$ cat structure.txt   # compact mmCIF, C-alpha atoms
# COMPACT_ATOMS: atom_id res chain seq x y z
CA MET A 265 -2.96 -16.42 13.20
CA HIS A 266 -1.68 -12.85 13.40
CA HIS A 267 -2.86 -10.24 15.88
CA THR A 268 -3.63 -6.81 14.49
CA PRO A 269 -4.39 -3.78 16.67
CA LYS A 270 -8.05 -3.21 17.44
CA HIS A 271 -8.06 0.25 15.87
CA ALA A 272 -6.62 -0.78 12.49
CA SER A 273 -6.67 -3.52 9.93
CA TRP A 274 -4.14 -5.13 7.65
CA LEU A 275 -6.39 -3.92 4.86
CA ASN A 276 -5.20 -0.38 5.62
CA GLN A 277 -1.74 -1.46 4.47
CA VAL A 278 -3.16 -2.86 1.23
CA GLU A 279 -5.13 0.34 0.66
CA LEU A 280 -1.97 2.41 1.10
CA PHE A 281 -0.14 0.36 -1.51
CA PHE A 282 -2.97 0.59 -4.03
CA SER A 283 -3.20 4.33 -3.42
CA THR A 284 0.51 4.65 -4.23
CA LEU A 285 0.11 2.47 -7.33
CA THR A 286 -2.80 4.60 -8.54
CA ARG A 287 -1.09 7.95 -7.92
CA ARG A 288 2.30 7.03 -9.37
CA LEU A 289 1.39 4.78 -12.28
CA LEU A 290 -2.24 4.28 -13.19
CA ARG A 291 -3.57 7.84 -13.12
CA ARG A 292 -0.95 9.14 -15.59
CA GLY A 293 -0.45 6.00 -17.65
CA GLN A 294 -1.73 5.16 -21.07
CA PHE A 295 -1.70 1.48 -21.93
CA ALA A 296 -2.41 0.02 -25.36
CA SER A 297 -3.27 -3.46 -24.08
CA ARG A 298 -3.94 -5.47 -20.98
CA ASP A 299 -0.53 -7.13 -21.34
CA GLU A 300 1.16 -3.72 -21.44
CA LEU A 301 -0.70 -2.69 -18.27
CA ALA A 302 0.27 -5.93 -16.52
CA ALA A 303 3.93 -5.44 -17.50
CA ALA A 304 3.87 -1.84 -16.25
CA ILE A 305 2.40 -2.93 -12.91
CA ASP A 306 5.00 -5.71 -12.55
CA THR A 307 7.80 -3.23 -13.28
CA PHE A 308 6.34 -0.73 -10.80
CA VAL A 309 6.04 -3.34 -8.04
CA LEU A 310 9.64 -4.49 -8.49
CA ALA A 311 10.95 -0.91 -8.47
CA TYR A 312 8.77 0.00 -5.46
CA ASP A 313 10.05 -3.03 -3.52
CA GLU A 314 13.64 -2.15 -4.39
CA HIS A 315 13.62 1.57 -3.60
CA ASP A 316 10.54 2.81 -1.74
CA ALA A 317 9.04 0.02 0.34
CA LYS A 318 9.52 0.34 4.08
CA PRO A 319 7.98 -1.68 6.88
CA TYR A 320 4.93 -0.10 8.43
CA ARG A 321 5.34 0.61 12.10
CA TRP A 322 2.38 0.58 14.46
CA THR A 323 2.44 3.58 16.76
CA TYR A 324 -0.65 2.80 18.80
CA ASP A 325 0.38 2.25 22.43
CA GLY A 326 -2.79 0.52 23.61
CA SER A 327 -4.26 3.48 25.47
CA PRO A 328 -7.99 4.14 24.93
CA LEU A 329 -8.79 6.32 21.93
CA LYS A 330 -10.58 9.62 22.55
CA ALA A 331 -13.97 10.15 20.97
CA ALA A 332 -14.14 13.05 18.52
$ encode --input "structure.txt" --output "structure tokens"
Amino acid sequence: MHHTPKHASWLNQVELFFSTLTRRLLRRGQFASRDELAAAIDTFVLAYDEHDAKPYRWTYDGSPLKAA
């Protein structure tokens, strides 16, 4: 079991990654086949892990959030 802060979800981290994947690869890409797309995604993930990936750091200090 892993505790996540009450104001956020681990899904936010997944959404950030898929947003990056969409902006950097999928939106501009043209793929002739499903296999070509899968290979491009695999290449992107390996390059992202090698050069761009950084741990996410929670900045929430536990104080109550203000209502908008």
$ axis_aligned_box --input "structure.txt" --around "stretch 289-297 of chain A" --padding-each-side "4 Å" --output "lines of an AutoDock Vina configuration file"
center_x = -1.1
center_y = 2.8
center_z = -18.8
size_x = 13.0
size_y = 20.6
size_z = 21.1
$ atom_distance --input "structure.txt" --atom1 "atom CA of A:Thr286" --atom2 "atom CA of A:Thr323"
25.9 Å
$ residues_around --input "structure.txt" --residues "A:Val309" --least-positions-apart "4" --cutoff "12 Å" --atoms "only C-alpha atoms" --output "PyMOL selection string"
chain A and resi 281-282+284-286+288-289+302-305+313-317
$ closest_residue --input "structure.txt" --among "A:Gln294, A:Tyr320, A:Glu300, A:Asp306" --to "A:Val278" --atoms "all atoms listed in the file"
A:Tyr320
$ decode --input "structure.txt" --residues "stretch 297-330 of chain A" --atoms "N, CA and C atoms" --output "PDB file, in the first residue's frame"
ATOM      1  N   SER A 297       1.997   2.094 -39.973  1.00  0.00           N
ATOM      2  CA  SER A 297       1.398   0.872 -39.443  1.00  0.00           C
ATOM      3  C   SER A 297       1.379   0.922 -37.921  1.00  0.00           C
ATOM      4  N   ARG A 298       0.651   0.003 -37.352  1.00  0.00           N
ATOM      5  CA  ARG A 298       0.587  -0.095 -35.899  1.00  0.00           C
ATOM      6  C   ARG A 298       1.955  -0.478 -35.324  1.00  0.00           C
ATOM      7  N   ASP A 299       2.676  -1.346 -36.038  1.00  0.00           N
ATOM      8  CA  ASP A 299       4.013  -1.743 -35.586  1.00  0.00           C
ATOM      9  C   ASP A 299       4.978  -0.558 -35.586  1.00  0.00           C
ATOM     10  N   GLU A 300       4.864   0.312 -36.590  1.00  0.00           N
ATOM     11  CA  GLU A 300       5.708   1.504 -36.650  1.00  0.00           C
ATOM     12  C   GLU A 300       5.390   2.451 -35.485  1.00  0.00           C
ATOM     13  N   LEU A 301       4.108   2.598 -35.176  1.00  0.00           N
ATOM     14  CA  LEU A 301       3.699   3.425 -34.041  1.00  0.00           C
ATOM     15  C   LEU A 301       4.237   2.854 -32.733  1.00  0.00           C
ATOM     16  N   ALA A 302       4.105   1.546 -32.553  1.00  0.00           N
ATOM     17  CA  ALA A 302       4.595   0.903 -31.334  1.00  0.00           C
ATOM     18  C   ALA A 302       6.109   1.074 -31.201  1.00  0.00           C
ATOM     19  N   ALA A 303       6.837   0.935 -32.297  1.00  0.00           N
ATOM     20  CA  ALA A 303       8.293   1.115 -32.262  1.00  0.00           C
ATOM     21  C   ALA A 303       8.657   2.557 -31.911  1.00  0.00           C
ATOM     22  N   ALA A 304       7.915   3.519 -32.471  1.00  0.00           N
ATOM     23  CA  ALA A 304       8.173   4.930 -32.183  1.00  0.00           C
ATOM     24  C   ALA A 304       7.912   5.239 -30.708  1.00  0.00           C
ATOM     25  N   ILE A 305       6.849   4.671 -30.151  1.00  0.00           N
ATOM     26  CA  ILE A 305       6.548   4.891 -28.732  1.00  0.00           C
ATOM     27  C   ILE A 305       7.626   4.269 -27.860  1.00  0.00           C
ATOM     28  N   ASP A 306       8.059   3.046 -28.195  1.00  0.00           N
ATOM     29  CA  ASP A 306       9.132   2.399 -27.429  1.00  0.00           C
ATOM     30  C   ASP A 306      10.409   3.234 -27.455  1.00  0.00           C
ATOM     31  N   THR A 307      10.763   3.740 -28.622  1.00  0.00           N
ATOM     32  CA  THR A 307      11.957   4.582 -28.759  1.00  0.00           C
ATOM     33  C   THR A 307      11.814   5.859 -27.945  1.00  0.00           C
ATOM     34  N   PHE A 308      10.626   6.472 -27.997  1.00  0.00           N
ATOM     35  CA  PHE A 308      10.379   7.691 -27.238  1.00  0.00           C
ATOM     36  C   PHE A 308      10.520   7.442 -25.735  1.00  0.00           C
ATOM     37  N   VAL A 309       9.918   6.356 -25.253  1.00  0.00           N
ATOM     38  CA  VAL A 309       9.956   6.059 -23.819  1.00  0.00           C
ATOM     39  C   VAL A 309      11.394   5.846 -23.352  1.00  0.00           C
ATOM     40  N   LEU A 310      12.182   5.112 -24.118  1.00  0.00           N
ATOM     41  CA  LEU A 310      13.578   4.877 -23.737  1.00  0.00           C
ATOM     42  C   LEU A 310      14.367   6.180 -23.711  1.00  0.00           C
ATOM     43  N   ALA A 311      14.175   7.029 -24.721  1.00  0.00           N
ATOM     44  CA  ALA A 311      14.880   8.315 -24.767  1.00  0.00           C
ATOM     45  C   ALA A 311      14.408   9.232 -23.640  1.00  0.00           C
ATOM     46  N   TYR A 312      13.111   9.232 -23.356  1.00  0.00           N
ATOM     47  CA  TYR A 312      12.562  10.064 -22.280  1.00  0.00           C
ATOM     48  C   TYR A 312      13.149   9.627 -20.935  1.00  0.00           C
ATOM     49  N   ASP A 313      13.194   8.320 -20.705  1.00  0.00           N
ATOM     50  CA  ASP A 313      13.755   7.804 -19.452  1.00  0.00           C
ATOM     51  C   ASP A 313      15.227   8.179 -19.307  1.00  0.00           C
ATOM     52  N   GLU A 314      15.938   8.159 -20.412  1.00  0.00           N
ATOM     53  CA  GLU A 314      17.384   8.426 -20.384  1.00  0.00           C
ATOM     54  C   GLU A 314      17.703   9.904 -20.150  1.00  0.00           C
ATOM     55  N   HIS A 315      16.929  10.802 -20.759  1.00  0.00           N
ATOM     56  CA  HIS A 315      17.317  12.216 -20.780  1.00  0.00           C
ATOM     57  C   HIS A 315      16.397  13.165 -20.018  1.00  0.00           C
ATOM     58  N   ASP A 316      15.106  12.917 -20.030  1.00  0.00           N
ATOM     59  CA  ASP A 316      14.158  13.911 -19.528  1.00  0.00           C
ATOM     60  C   ASP A 316      13.453  13.552 -18.229  1.00  0.00           C
ATOM     61  N   ALA A 317      13.347  12.290 -17.931  1.00  0.00           N
ATOM     62  CA  ALA A 317      12.560  11.870 -16.762  1.00  0.00           C
ATOM     63  C   ALA A 317      13.223  12.325 -15.465  1.00  0.00           C
ATOM     64  N   LYS A 318      12.412  12.895 -14.602  1.00  0.00           N
ATOM     65  CA  LYS A 318      12.866  13.335 -13.280  1.00  0.00           C
ATOM     66  C   LYS A 318      11.809  12.918 -12.277  1.00  0.00           C
ATOM     67  N   PRO A 319      12.212  12.601 -11.063  1.00  0.00           N
ATOM     68  CA  PRO A 319      11.202  12.249 -10.063  1.00  0.00           C
ATOM     69  C   PRO A 319      10.284  13.438  -9.791  1.00  0.00           C
ATOM     70  N   TYR A 320       9.023  13.137  -9.592  1.00  0.00           N
ATOM     71  CA  TYR A 320       8.084  14.183  -9.210  1.00  0.00           C
ATOM     72  C   TYR A 320       8.223  14.418  -7.719  1.00  0.00           C
ATOM     73  N   ARG A 321       8.163  15.654  -7.329  1.00  0.00           N
ATOM     74  CA  ARG A 321       8.328  15.998  -5.927  1.00  0.00           C
ATOM     75  C   ARG A 321       7.049  16.650  -5.424  1.00  0.00           C
ATOM     76  N   TRP A 322       6.449  16.057  -4.392  1.00  0.00           N
ATOM     77  CA  TRP A 322       5.255  16.646  -3.801  1.00  0.00           C
ATOM     78  C   TRP A 322       5.652  17.895  -3.042  1.00  0.00           C
ATOM     79  N   THR A 323       4.910  18.964  -3.227  1.00  0.00           N
ATOM     80  CA  THR A 323       5.207  20.210  -2.539  1.00  0.00           C
ATOM     81  C   THR A 323       4.146  20.569  -1.515  1.00  0.00           C
ATOM     82  N   TYR A 324       3.112  19.779  -1.447  1.00  0.00           N
ATOM     83  CA  TYR A 324       2.031  20.041  -0.494  1.00  0.00           C
ATOM     84  C   TYR A 324       2.542  19.791   0.918  1.00  0.00           C
ATOM     85  N   ASP A 325       2.342  20.760   1.812  1.00  0.00           N
ATOM     86  CA  ASP A 325       2.890  20.651   3.176  1.00  0.00           C
ATOM     87  C   ASP A 325       1.874  20.162   4.204  1.00  0.00           C
ATOM     88  N   GLY A 326       0.678  19.843   3.767  1.00  0.00           N
ATOM     89  CA  GLY A 326      -0.324  19.320   4.689  1.00  0.00           C
ATOM     90  C   GLY A 326      -1.260  20.370   5.255  1.00  0.00           C
ATOM     91  N   SER A 327      -1.011  21.642   4.976  1.00  0.00           N
ATOM     92  CA  SER A 327      -1.890  22.688   5.477  1.00  0.00           C
ATOM     93  C   SER A 327      -3.197  22.672   4.682  1.00  0.00           C
ATOM     94  N   PRO A 328      -4.300  23.096   5.303  1.00  0.00           N
ATOM     95  CA  PRO A 328      -5.588  23.091   4.597  1.00  0.00           C
ATOM     96  C   PRO A 328      -5.545  23.960   3.335  1.00  0.00           C
ATOM     97  N   LEU A 329      -6.188  23.484   2.291  1.00  0.00           N
ATOM     98  CA  LEU A 329      -6.250  24.233   1.043  1.00  0.00           C
ATOM     99  C   LEU A 329      -7.336  25.302   1.146  1.00  0.00           C
ATOM    100  N   LYS A 330      -7.090  26.436   0.518  1.00  0.00           N
ATOM    101  CA  LYS A 330      -8.071  27.529   0.538  1.00  0.00           C
ATOM    102  C   LYS A 330      -9.092  27.303  -0.565  1.00  0.00           C
TER     103      LYS A 330
END
